Amino acid sequence: VVTVLLLYLSYYYDISGKRVGRDGWYNAVLVFLILIAGLRWRVGTDTIAYLARFYHIYPTLENFAISEYGLGQDPFYALINVIVKTLGGRFYMVQIIQATIVNVLVFKYIKRHSKYIFTCVLFYFFINYLNYNMETMRGSISIAICLFGNDYIMEKKWLKGYLLYIIACLFHYQTLVILLLPSLYWIRFNKYGIMLFVAAFVTGFFLKSIIEDYMFLLIS
């Protein structure tokens with residue numbers, strides 16, 4: 001149903017150029033996607049692990065100590081769970097909050113950068129919707145925040161960009177890698193840039209073969 005709706009809206013508004021009701025339908029699709037993800041039941045392999053953490057690991061607010069949730073423990077995501085649990089909520093409320101954050105940011109970003117908004121949402125729905133909303137729940141919040149951080153960095157608004165990167169890190173620690181990307185902006189697509197990327201690829205390949213067996217220690 002969502003696919004058919006998005007195909008029709010893409011044709012009606014993006015291809016035919018109609019304007020009446022465009023924003024209303026855009027917001028309606030946003031609500032549909034939030035509710036589908038938020039009200040799902042045990043869809044997504046990672047969702048099972050998130051369920052177990054919510055009911056058996058995360059404490060209530062009176063027992064929550066931020067010192068126990070350092071950067072590698074994704075403290076902001078943990079805090080969402082803790083607040084919902086303290087208020088007597090169920091895990092589907094966490095799903096709704098997560099889906100709202102991710103999809104609102106993605107939809108806002110699409111509208112900022114493209115006039116073909118329904119076509120962009122259609123591709124998002126096909127390619128990343130299930131993964132962002134039903135698998136990598138922590139990581140997708142981080143990714144959605146980094147979209148806007150990247151814009152600020154491209155505009156050389158370094159403080160705002162890095163502030164968003166840091167907030168994203170508090171949802172998922174792997175965002176730390178993103179903090180290094182602005183340092184690569186001086187690279188140009190010339191022979192030196194190509195040589196650097198080839199060298200990085202070869203180096204990464206050999207490093208992977210050396211430390212692959214120890215990666216689980218870094219993850220834990």
# chains A, B, ... in the order shown; residues from 1 in each chain; ligands from 1
call {"tool": "select_by_dssp", "arguments": {"residues": "range 5-191 of chain A", "states": "alpha helix (DSSP H)", "output": "MDAnalysis selection string"}}
result
chainID A and resid 5:9 22:38 45:56 75:86 91:113 117:127 129:134 137:154 158:169 191
call {"tool": "residues_around", "arguments": {"residues": "Phe126 in chain A", "least_positions_apart": "4", "cutoff": "12 Å", "atoms": "only C-alpha atoms", "output": "list in words"}}
result
Val2, Thr3, Leu6, Leu7, Thr119, Cys120, Val121, Leu122, Leu130, Asn131 and Tyr132 of chain A
call {"tool": "write_last_selection", "arguments": {"atoms": "C-alpha atoms", "output": "compact mmCIF listing (two decimals), in the first residue's frame"}}
result
# COMPACT_ATOMS: atom_id res chain seq x y z
CA VAL A 2 2.78 2.43 0.90
CA THR A 3 4.66 1.61 -2.32
CA LEU A 6 4.40 6.74 -3.04
CA LEU A 7 4.41 5.84 -6.74
CA THR A 119 10.56 10.22 -5.33
CA CYS A 120 13.30 10.58 -2.71
CA VAL A 121 11.02 9.10 -0.05
CA LEU A 122 10.21 6.23 -2.41
CA LEU A 130 13.56 -1.22 7.09
CA ASN A 131 17.20 -1.09 8.12
CA TYR A 132 17.02 2.36 9.73
call {"tool": "closest_residue", "arguments": {"among": "A:Leu163, A:Leu180, A:Ile83, A:Ala28", "to": "Ile145 in chain A", "atoms": "only C-alpha atoms"}}
result
A:Leu163
call {"tool": "residues_around", "arguments": {"residues": "Tyr55 in chain A", "least_positions_apart": "2", "cutoff": "12 Å", "atoms": "only C-alpha atoms", "output": "NGL selection string"}}
result
:A and (48-53 or 57-60 or 81-82 or 84-86 or 88-92 or 94)
call {"tool": "atom_distance", "arguments": {"atom1": "CA of Tyr152 in chain A", "atom2": "CA of Tyr165 in chain A"}}
result
10.4 Å
call {"tool": "atom_distance", "arguments": {"atom1": "CA of Phe32 in chain A", "atom2": "CA of Leu147 in chain A"}}
result
22.2 Å
call {"tool": "closest_residue", "arguments": {"among": "A:Leu179, A:Asn133, A:Val1, A:Val29", "to": "Gly149 in chain A", "atoms": "only C-alpha atoms"}}
result
A:Leu179
call {"tool": "atom_distance", "arguments": {"atom1": "CA of Ala199 in chain A", "atom2": "CA of Ile153 in chain A"}}
result
25.5 Å
call {"tool": "closest_residue", "arguments": {"among": "A:Val198, A:Ala144, A:Leu39, A:Leu176", "to": "Asn103 in chain A", "atoms": "only C-alpha atoms"}}
result
A:Ala144
call {"tool": "residues_around", "arguments": {"residues": "Asn150 in chain A", "least_positions_apart": "2", "cutoff": "10 Å", "atoms": "only C-alpha atoms", "output": "ChimeraX atom specification"}}
result
/A:145-148,152-158,160-162,164-165,178,181-182
call {"tool": "closest_residue", "arguments": {"among": "A:Trp41, A:Ile96, A:Leu87, A:Leu9", "to": "Gly21 in chain A", "atoms": "only C-alpha atoms"}}
result
A:Leu9
